[in-house]
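Have a look at data.txt below; it lists compact mmCIF, C-alpha atoms.
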```txt
# COMPACT_ATOMS: atom_id res chain seq x y z
CA MET H 1 -35.90 29.30 -29.35
CA SER H 2 -37.76 32.57 -29.19
CA ARG H 3 -36.94 36.09 -28.10
CA SER H 4 -38.71 35.54 -24.77
CA ASP H 5 -36.39 32.60 -23.99
CA VAL H 6 -33.32 34.83 -23.96
CA LEU H 7 -34.55 38.37 -23.38
CA VAL H 8 -36.64 39.59 -20.46
CA SER H 9 -38.21 42.95 -19.81
CA ALA H 10 -37.61 45.16 -16.82
CA GLU H 11 -41.14 44.32 -15.71
CA TRP H 12 -40.32 40.61 -15.77
CA VAL H 13 -37.19 41.15 -13.71
CA GLN H 14 -39.08 43.30 -11.22
CA GLU H 15 -41.65 40.54 -10.77
CA ASN H 16 -39.01 37.84 -10.35
CA LEU H 17 -36.51 39.55 -8.03
CA ASP H 18 -37.40 37.16 -5.21
CA ALA H 19 -37.98 34.07 -7.31
CA PRO H 20 -35.86 31.27 -5.80
CA LYS H 21 -34.40 29.95 -9.06
CA VAL H 22 -33.76 33.30 -10.71
CA VAL H 23 -30.34 34.88 -10.23
CA VAL H 24 -29.84 38.45 -11.44
CA VAL H 25 -26.21 39.18 -12.29
CA GLU H 26 -24.66 42.58 -13.02
CA VAL H 27 -21.72 42.62 -15.42
CA ASP H 28 -20.53 46.13 -16.16
CA GLU H 29 -17.87 47.77 -18.26
CA ASP H 30 -17.38 50.03 -15.23
CA THR H 31 -16.65 47.28 -12.73
CA ALA H 32 -17.24 49.70 -9.84
CA ALA H 33 -20.79 50.56 -10.89
CA TYR H 34 -22.19 47.78 -8.69
CA ASP H 35 -20.58 49.43 -5.68
CA LYS H 36 -22.63 52.58 -6.23
CA ASN H 37 -25.95 50.81 -6.57
CA HIS H 38 -27.50 47.81 -8.25
CA ILE H 39 -30.71 45.90 -8.68
CA ARG H 40 -31.85 44.31 -5.43
CA ASN H 41 -30.60 40.76 -4.98
CA ALA H 42 -28.22 41.06 -7.93
CA VAL H 43 -24.78 39.53 -7.63
CA ARG H 44 -21.75 40.90 -9.45
CA ILE H 45 -19.44 39.27 -11.93
CA ASP H 46 -16.36 41.31 -12.79
CA TRP H 47 -15.60 40.81 -16.48
CA LYS H 48 -11.90 41.47 -15.90
CA LYS H 49 -11.17 39.82 -12.58
CA ASP H 50 -13.59 36.92 -12.77
CA LEU H 51 -13.79 36.02 -16.46
CA GLN H 52 -10.19 36.44 -17.67
CA ASP H 53 -7.23 34.19 -17.01
CA PRO H 54 -4.99 36.16 -14.62
CA VAL H 55 -1.81 35.51 -16.63
CA ARG H 56 -2.31 34.71 -20.31
CA ARG H 57 -4.84 36.25 -22.69
CA ASP H 58 -7.71 33.80 -22.52
CA PHE H 59 -10.77 32.98 -20.48
CA VAL H 60 -10.80 31.13 -17.21
CA ASP H 61 -10.92 27.42 -17.95
CA GLN H 62 -13.85 25.10 -17.33
CA ALA H 63 -12.79 24.39 -13.74
CA GLY H 64 -12.34 28.12 -13.14
CA PHE H 65 -15.83 28.88 -14.41
CA GLU H 66 -17.24 26.13 -12.21
CA ALA H 67 -15.48 27.60 -9.19
CA LEU H 68 -16.69 31.10 -10.02
CA LEU H 69 -20.35 30.19 -10.39
CA SER H 70 -20.22 27.89 -7.37
CA ALA H 71 -18.85 30.72 -5.24
CA LYS H 72 -21.51 33.11 -6.55
CA GLY H 73 -24.23 30.67 -5.54
CA ILE H 74 -25.41 29.97 -9.07
CA ALA H 75 -26.71 26.47 -9.79
CA ASN H 76 -26.92 24.66 -13.11
CA ASP H 77 -30.72 24.82 -13.11
CA ASP H 78 -30.95 28.51 -12.21
CA THR H 79 -32.30 31.08 -14.61
CA VAL H 80 -29.52 33.64 -14.91
CA VAL H 81 -30.55 37.16 -15.90
CA LEU H 82 -27.66 39.38 -16.93
CA TYR H 83 -27.67 43.16 -17.07
CA GLY H 84 -25.11 45.92 -17.24
CA GLY H 85 -24.35 49.46 -18.28
CA ASN H 86 -23.37 50.84 -21.65
CA ASN H 87 -26.30 49.20 -23.42
CA ASN H 88 -25.46 45.73 -22.09
CA TRP H 89 -22.07 45.46 -23.82
CA PHE H 90 -20.48 43.34 -21.10
CA ALA H 91 -23.71 41.68 -20.09
CA SER H 92 -23.93 40.41 -23.68
CA TYR H 93 -20.31 39.31 -23.42
CA ALA H 94 -21.17 37.41 -20.24
CA PHE H 95 -24.23 35.90 -21.94
CA TRP H 96 -22.04 34.56 -24.72
CA TYR H 97 -19.52 33.36 -22.12
CA PHE H 98 -22.23 31.52 -20.13
CA LYS H 99 -23.34 29.86 -23.37
CA LEU H 100 -19.72 29.01 -24.17
CA TYR H 101 -19.66 26.93 -20.99
CA GLY H 102 -23.11 25.49 -21.60
CA HIS H 103 -25.41 27.21 -19.09
CA SER H 104 -28.87 26.25 -20.26
CA ASP H 105 -31.08 29.14 -19.12
CA VAL H 106 -29.44 32.53 -19.40
CA ARG H 107 -31.21 35.72 -20.42
CA LEU H 108 -30.52 39.41 -20.87
CA LEU H 109 -32.46 42.21 -19.23
CA ASP H 110 -33.60 44.14 -22.31
CA GLY H 111 -32.06 47.60 -22.08
CA GLY H 112 -29.85 46.73 -19.14
CA ARG H 113 -29.08 49.17 -16.38
CA LYS H 114 -30.01 52.19 -18.48
CA LYS H 115 -33.54 51.00 -19.16
CA TRP H 116 -33.94 50.09 -15.48
CA GLU H 117 -32.82 53.59 -14.47
CA LEU H 118 -34.93 55.35 -17.10
CA ASP H 119 -37.93 53.46 -15.72
CA SER H 120 -37.03 54.88 -12.27
CA ARG H 121 -36.96 51.39 -10.80
CA GLU H 122 -35.46 50.59 -7.41
CA LEU H 123 -31.70 50.34 -6.99
CA VAL H 124 -30.17 49.40 -3.66
CA LYS H 125 -26.92 50.65 -2.16
CA GLY H 126 -23.66 49.01 -3.12
CA GLU H 127 -23.13 47.43 0.27
CA ASP H 128 -26.51 45.69 0.09
CA VAL H 129 -25.11 42.44 -1.27
CA PRO H 130 -27.25 39.28 -1.24
CA GLU H 131 -26.03 36.22 0.61
CA ARG H 132 -26.23 33.13 -1.53
CA ALA H 133 -25.18 29.67 -0.44
CA ALA H 134 -22.37 28.16 -2.50
CA THR H 135 -23.28 25.56 -5.11
CA GLU H 136 -21.43 22.81 -6.91
CA TYR H 137 -21.72 24.14 -10.43
CA ARG H 138 -20.69 21.91 -13.31
CA ALA H 139 -19.79 23.55 -16.63
CA GLN H 140 -19.57 21.98 -20.06
CA PRO H 141 -16.44 22.07 -22.23
CA GLN H 142 -16.28 25.25 -24.30
CA ASP H 143 -18.68 25.24 -27.24
CA ALA H 144 -16.33 25.72 -30.17
CA SER H 145 -19.24 26.49 -32.49
CA ILE H 146 -19.69 30.01 -31.09
CA ARG H 147 -16.08 31.17 -30.60
CA ALA H 148 -13.78 32.23 -33.45
CA PHE H 149 -10.01 32.41 -33.36
CA ARG H 150 -7.64 34.38 -35.56
CA ASP H 151 -7.13 31.60 -38.10
CA ASP H 152 -10.90 31.29 -38.49
CA VAL H 153 -11.04 34.99 -39.31
CA ILE H 154 -8.23 34.84 -41.85
CA ALA H 155 -9.88 31.83 -43.51
CA ALA H 156 -13.19 33.70 -43.64
CA ILE H 157 -11.88 36.63 -45.69
CA GLY H 158 -13.87 36.82 -48.88
CA SER H 159 -15.87 33.67 -48.14
CA LYS H 160 -17.89 34.06 -44.93
CA ASN H 161 -19.68 37.04 -43.44
CA LEU H 162 -17.35 39.17 -41.39
CA VAL H 163 -19.24 41.76 -39.37
CA ASP H 164 -17.17 44.53 -37.83
CA VAL H 165 -19.37 46.12 -35.20
CA ARG H 166 -17.04 48.96 -34.21
CA SER H 167 -17.74 52.60 -34.93
CA PRO H 168 -17.11 53.88 -38.47
CA ASP H 169 -14.02 55.76 -37.26
CA GLU H 170 -12.50 52.57 -35.85
CA PHE H 171 -13.45 50.57 -38.94
CA SER H 172 -11.94 53.06 -41.35
CA GLY H 173 -8.73 53.31 -39.36
CA ARG H 174 -9.07 56.82 -37.95
CA LEU H 175 -9.25 55.50 -34.36
CA LEU H 176 -7.90 52.40 -32.64
CA ALA H 177 -10.59 52.31 -29.94
CA PRO H 178 -13.85 54.02 -29.03
CA ALA H 179 -13.28 57.71 -28.45
CA HIS H 180 -13.89 57.45 -24.70
CA LEU H 181 -11.37 54.67 -24.15
CA PRO H 182 -7.56 54.69 -24.17
CA GLN H 183 -6.10 54.59 -27.68
CA GLU H 184 -3.81 51.62 -27.22
CA GLN H 185 -3.75 47.92 -28.02
CA SER H 186 -3.46 47.11 -31.71
CA GLN H 187 -0.38 47.98 -33.71
CA ARG H 188 -2.30 48.88 -36.85
CA PRO H 189 -5.70 50.50 -37.50
CA GLY H 190 -8.23 49.36 -40.07
CA HIS H 191 -10.40 46.30 -40.58
CA VAL H 192 -10.37 42.74 -41.89
CA PRO H 193 -10.77 42.74 -45.69
CA SER H 194 -14.31 41.94 -46.86
CA ALA H 195 -15.80 42.84 -43.46
CA ARG H 196 -19.03 44.82 -43.39
CA ASN H 197 -19.20 47.67 -40.89
CA ILE H 198 -22.46 47.43 -38.97
CA PRO H 199 -21.96 49.24 -35.65
CA TRP H 200 -23.45 47.52 -32.62
CA SER H 201 -25.55 50.62 -31.91
CA LYS H 202 -27.74 49.92 -34.92
CA ASN H 203 -29.15 46.90 -33.05
CA ALA H 204 -30.54 48.98 -30.21
CA ASN H 205 -33.04 51.71 -29.49
CA ASP H 206 -32.07 54.84 -27.58
CA ASP H 207 -33.14 53.27 -24.29
CA GLY H 208 -30.86 50.31 -24.87
CA THR H 209 -33.58 47.79 -25.71
CA PHE H 210 -33.12 45.69 -28.81
CA LYS H 211 -34.96 46.54 -31.99
CA SER H 212 -37.64 44.17 -33.23
CA ASP H 213 -36.68 40.97 -35.00
CA GLU H 214 -38.11 42.39 -38.22
CA ASP H 215 -36.02 45.56 -37.97
CA LEU H 216 -32.89 43.57 -37.09
CA LYS H 217 -33.32 41.20 -40.02
CA ALA H 218 -33.89 44.15 -42.34
CA LEU H 219 -30.76 45.85 -40.98
CA TYR H 220 -28.44 42.96 -41.83
CA GLU H 221 -30.06 42.30 -45.19
CA SER H 222 -29.79 45.98 -46.12
CA GLU H 223 -26.07 45.81 -45.33
CA ASN H 224 -25.66 42.85 -47.69
CA VAL H 225 -25.06 40.24 -44.98
CA ASP H 226 -26.19 36.93 -46.44
CA LEU H 227 -27.73 35.29 -43.37
CA SER H 228 -27.58 31.88 -45.02
CA LYS H 229 -23.79 31.96 -44.73
CA ASP H 230 -21.55 31.48 -41.69
CA THR H 231 -20.77 34.69 -39.83
CA ILE H 232 -17.99 35.94 -37.58
CA ALA H 233 -18.52 39.12 -35.58
CA TYR H 234 -15.69 41.12 -34.09
CA CYS H 235 -14.95 44.48 -32.48
CA ARG H 236 -12.02 45.59 -30.31
CA ILE H 237 -11.99 42.97 -27.54
CA GLY H 238 -15.14 40.99 -28.26
CA GLU H 239 -17.70 42.67 -26.00
CA ARG H 240 -19.62 44.78 -28.54
CA SER H 241 -19.47 41.90 -31.01
CA ALA H 242 -20.97 39.64 -28.32
CA LEU H 243 -24.00 41.93 -28.49
CA THR H 244 -24.18 41.45 -32.26
CA TRP H 245 -23.63 37.70 -31.77
CA PHE H 246 -26.61 37.76 -29.40
CA VAL H 247 -28.72 39.45 -32.06
CA LEU H 248 -27.76 37.12 -34.89
CA HIS H 249 -27.54 33.84 -32.97
CA GLN H 250 -30.10 34.21 -30.21
CA LEU H 251 -32.70 36.66 -31.54
CA LEU H 252 -32.57 35.90 -35.27
CA GLY H 253 -31.76 32.21 -34.78
CA GLN H 254 -28.74 32.04 -37.08
CA THR H 255 -26.87 28.91 -36.05
CA ASN H 256 -23.45 29.49 -37.58
CA VAL H 257 -22.40 32.70 -35.89
CA LYS H 258 -19.17 33.04 -33.94
CA ASN H 259 -17.79 35.80 -31.81
CA TYR H 260 -14.08 36.58 -32.27
CA ASP H 261 -13.02 37.73 -28.81
CA GLY H 262 -9.44 38.33 -29.90
CA SER H 263 -10.96 40.98 -32.17
CA TRP H 264 -9.04 43.99 -33.39
CA THR H 265 -6.58 44.11 -30.48
CA GLU H 266 -5.30 40.74 -31.72
CA TYR H 267 -5.87 40.97 -35.47
CA GLY H 268 -4.47 44.48 -35.69
CA SER H 269 -1.24 43.28 -34.09
CA LEU H 270 -0.68 40.16 -36.21
CA VAL H 271 2.33 40.15 -38.50
CA GLY H 272 1.62 39.73 -42.18
CA VAL H 273 -2.18 39.52 -42.26
CA PRO H 274 -4.15 41.61 -44.77
CA ILE H 275 -5.74 44.84 -43.54
CA GLU H 276 -7.96 47.32 -45.30
CA LEU H 277 -8.46 51.00 -44.54
CA GLY H 278 -11.42 53.24 -45.30
CA ALA H 279 -15.17 52.97 -45.09
CA ASN H 280 -17.41 50.29 -46.63
CA MET A 1 -28.40 68.73 -17.27
CA THR A 2 -31.21 70.00 -15.06
CA ARG A 3 -34.87 69.50 -14.36
CA ASP A 4 -36.74 72.39 -12.72
CA GLY A 5 -33.37 73.99 -12.08
CA GLU A 6 -31.94 71.03 -10.18
CA PRO A 7 -29.27 68.62 -11.46
CA VAL A 8 -30.75 65.45 -12.87
CA ASN A 9 -29.18 62.08 -13.53
CA GLY A 10 -29.55 60.34 -16.82
CA TYR A 11 -27.66 59.61 -20.00
CA VAL A 12 -26.40 61.76 -22.85
CA ARG A 13 -25.79 60.39 -26.34
CA LEU A 14 -23.54 62.04 -28.90
CA LEU A 15 -24.86 61.71 -32.45
CA ASP A 16 -22.92 62.69 -35.55
CA GLU A 17 -24.18 64.89 -38.40
CA GLY A 18 -25.95 61.90 -39.92
CA GLY A 19 -27.73 61.16 -36.66
CA GLU A 20 -25.63 58.05 -36.02
CA PHE A 21 -24.60 57.05 -32.51
CA THR A 22 -21.06 58.03 -31.61
CA ALA A 23 -20.83 57.80 -27.83
CA GLU A 24 -22.91 57.80 -24.68
CA VAL A 25 -22.15 58.70 -21.06
CA PRO A 26 -24.11 58.72 -17.82
CA THR A 27 -24.26 62.11 -16.15
CA SER A 28 -22.32 62.73 -12.96
CA ALA A 29 -23.98 63.10 -9.58
CA THR A 30 -24.23 66.82 -10.33
CA GLY A 31 -25.80 66.27 -13.74
CA GLN A 32 -22.67 67.03 -15.75
CA PHE A 33 -21.29 65.29 -18.81
CA ARG A 34 -18.38 65.72 -21.23
CA PHE A 35 -17.43 64.46 -24.66
CA PHE A 36 -14.24 64.93 -26.63
CA ALA A 37 -15.53 65.51 -30.14
CA ALA A 38 -13.89 66.45 -33.42
CA PRO A 39 -14.77 69.81 -34.98
CA GLY A 40 -18.21 69.72 -36.54
CA THR A 41 -21.90 69.75 -35.80
CA TRP A 42 -23.16 67.24 -33.27
CA THR A 43 -26.44 66.41 -31.60
CA LEU A 44 -26.60 65.80 -27.86
CA ARG A 45 -29.54 63.61 -26.89
CA ALA A 46 -30.41 63.68 -23.20
CA LEU A 47 -32.25 60.68 -21.84
CA VAL A 48 -33.85 60.94 -18.40
CA PRO A 49 -36.84 59.18 -16.90
CA GLY A 50 -39.84 60.34 -18.87
CA ALA A 51 -38.07 62.69 -21.26
CA THR A 52 -35.73 62.88 -24.23
CA VAL A 53 -34.28 66.23 -25.31
CA ASP A 54 -32.01 67.00 -28.30
CA ARG A 55 -29.55 69.90 -28.53
CA VAL A 56 -27.39 70.72 -31.57
CA VAL A 57 -23.88 71.91 -30.78
CA ALA A 58 -20.95 73.07 -32.90
CA ALA A 59 -17.56 71.80 -31.77
CA THR A 60 -14.46 73.76 -32.64
CA ARG A 61 -10.84 72.82 -32.09
CA GLY A 62 -9.28 74.09 -28.87
CA SER A 63 -12.42 75.34 -27.19
CA VAL A 64 -15.00 73.92 -24.84
CA ALA A 65 -18.61 74.07 -25.99
CA GLU A 66 -20.76 74.29 -22.88
CA VAL A 67 -24.32 73.12 -23.33
CA ALA A 68 -26.99 73.37 -20.66
CA ILE A 69 -29.90 71.03 -21.16
CA ALA A 70 -33.13 71.46 -19.27
CA VAL A 71 -35.35 68.41 -19.43
```
Show how you would write the structure in this file as C-alpha cells.
Amino acid sequence: MSRSDVLVSAEWVQENLDAPKVVVVEVDEDTAAYDKNHIRNAVRIDWKKDLQDPVRRDFVDQAGFEALLSAKGIANDDTVVLYGGNNNWFASYAFWYFKLYGHSDVRLLDGGRKKWELDSRELVKGEDVPERAATEYRAQPQDASIRAFRDDVIAAIGSKNLVDVRSPDEFSGRLLAPAHLPQEQSQRPGHVPSARNIPWSKNANDDGTFKSDEDLKALYESENVDLSKDTIAYCRIGERSALTWFVLHQLLGQTNVKNYDGSWTEYGSLVGVPIELGAN
Amino acid sequence: MTRDGEPVNGYVRLLDEGGEFTAEVPTSATGQFRFFAAPGTWTLRALVPGATVDRVVAATRGSVAEVAIAV
C-alpha cells in the first residue's frame, strides 16, 4: 500500500468528479455544512444519523451499513473519496469505519473541505444533490484488528503504545473536551496511564493536508512511540484518533494499530480504572 | 477578516504561545470569527485563498479582544 492508494489530491478529485466508479462523499463534524454547499456530485453521510446505532452506543451493524451504502448508491467496487471540514476529522472517522466493514477502495481528499476552499475550487449549492441509483452493497463483518475496546486499552497500559491525540489541555485534565465543544461527557478528566500525548494537529499542515511520510515517522519517533509495537489511538469520541489511525496504519503502514472509538467519553467514566493527570 | 475592505471567507487558527494549534474556525458569511481563549498571548493565523496572515493578540479575563485582519 502506498500513500497514493489512500490519499488523493484536490486536483485528482477535480479530474475525477464525473468518473463513473468514483463516489465523492462528504462527512462533516457540522452535519449541516453539506446543505450550504458541497463538491459537485458529492453525496452526504451524516456521522451521527447514519453511522451510529439509534439506541445504544455503538455503530450500525453490518446489515445497517449495507443498507446505508445501498441507499446512497455506493457499490462494492466503487472508489470512495471522503472529505469533510475541520481538517478531515470525521472524514477520517468514516474512512476507518469503511475499512471496518471491509470496503476495498476508500481514499481521503488530502486537506478536505478546507484545502478545496483555499484552492477556490467549485462548490455547488446545497440543494444540488446528485441522483444515484440504489445498489446492493455487501459489507464484511467488522475487522476486529483495527478497533479497540475498553478492556484492550486497560490491558495496554504500560505494555503497548497508547497515543492520546487530544489537545494538551484535555490530556492534562484541564478540559474535558475541545474548547469549542460542550464540556460534558466523561466523569473524570485526565488520560490513560502511559499514554503519549501527540495531538492530531501535529499530523497536518496549516491547509489540512498531511505532512510527508518522513515528517510523520520522525514525529512519532521523537515522541518515543516505538512503531514496532502494537498501538491504540484514542481521543474524546474516536474521530480525531481515526485521523491518527489513518496516519499510522494507512500512511506509515503500521499493521497493529487500533482506534478506540469509546475514547475518553467512555474511559473517563469507567469505575475503578487508573487515570493520570498532568502533561507528558 | 477583510480583503480590500470587503469581508472575506476563510479559516482562522488559534495558536498558543508555543505556536501549537489550539483551535480553528471558519469565518462567518460576514468574515467574522470568535474564540474563547484563556488569558495570555495568542497568535491568530488567517488562511484565505492565496494568503496567510498572522496577528498576535493578548487575551485578558472578562474583556473581548477585537482583532481586524486584512489579508
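Here the question is which of A:Val48, A:Ala29, A:Val53, A:Val71 gets nearest to chain H using all atoms listed in the file, and that residue is A:Val48.
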Draw an axis-aligned box tight on the listed atoms of region 42-49 of chain A, then pad every side by 3 Å and write out centre and edge lengths in Å to one decimal as AutoDock Vina command-line options.
```
--center_x -30.0 --center_y 63.2 --center_z -25.1 --size_x 19.7 --size_y 14.1 --size_z 22.4
```
Contacts of Arg113 (chain H) at 7 Å (only C-alpha atoms; same-chain gap of 3+ positions) as a PyMOL selection string: chain H and resi 83-85+116-117
Cut-off 10 Å around (-24.9, 34.0, 1.7) with only C-alpha atoms: residues as a list of chain:residue names: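 It turns out the residues near that spot are H:Ala71, H:Lys72, H:Gly73, H:Val129, H:Pro130, H:Glu131, H:Arg132, H:Ala133, H:Ala134.
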Exercise answer, chain A residues close to chain H, 8 Å and all atoms listed in the file, as a ChimeraX atom specification: /A:10-11,21-25,35-36,47-50
Spatial neighbours of Gly40 (chain A), max dist 9 Å, only C-alpha atoms, sep filter under 2 positions, as a VMD selection string: chain A and resid 16 to 17 37 to 38 42 57 to 60
Between CA of Arg147 (chain H) and CA of Ser4 (chain H), distance in Å (one decimal): 23.8 Å
Proximity to Gly18 (chain A) - best of A:Thr41, A:Gly5, A:Arg34, A:Gly62, all atoms listed in the file: A:Thr41
Nearby residues (only C-alpha atoms) at most 12 Å from Ala75 (chain H), same-chain spacing under 5 positions excluded, as a list in words: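 Here the answer would be Pro20, Lys21, Val22, Val23, Glu66, Ala67, Leu68, Leu69, Ser70, Val80, His103, Ser104, Asp105, Val106, Arg132, Ala133, Ala134, Thr135, Glu136, Tyr137, Arg138 and Ala139 of chain H.
Across the structure, CA of Leu227 (chain H) and CA of Ala148 (chain H) are spaced 17.4 Å apart.
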Selected residue of minimal separation from Gly208 (chain H) among A:Leu44, A:Arg13, A:Ala70, A:Phe33, counting all atoms listed in the file: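 Nearest candidate to Gly208 (chain H) out of A:Leu44, A:Arg13, A:Ala70, A:Phe33: A:Arg13.
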Å distance separating CA of Lys125 (chain H) from CA of Thr31 (chain H), one decimal place: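 Calculated distance between CA of Lys125 (chain H) and CA of Thr31 (chain H) is 15.1 Å.
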Residue nearest Gln62 (chain H) among H:Tyr220, H:Gln142, H:Trp264, H:Ile39 (counting only C-alpha atoms):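 Closest to Gln62 (chain H) of all the choices is H:Gln142.
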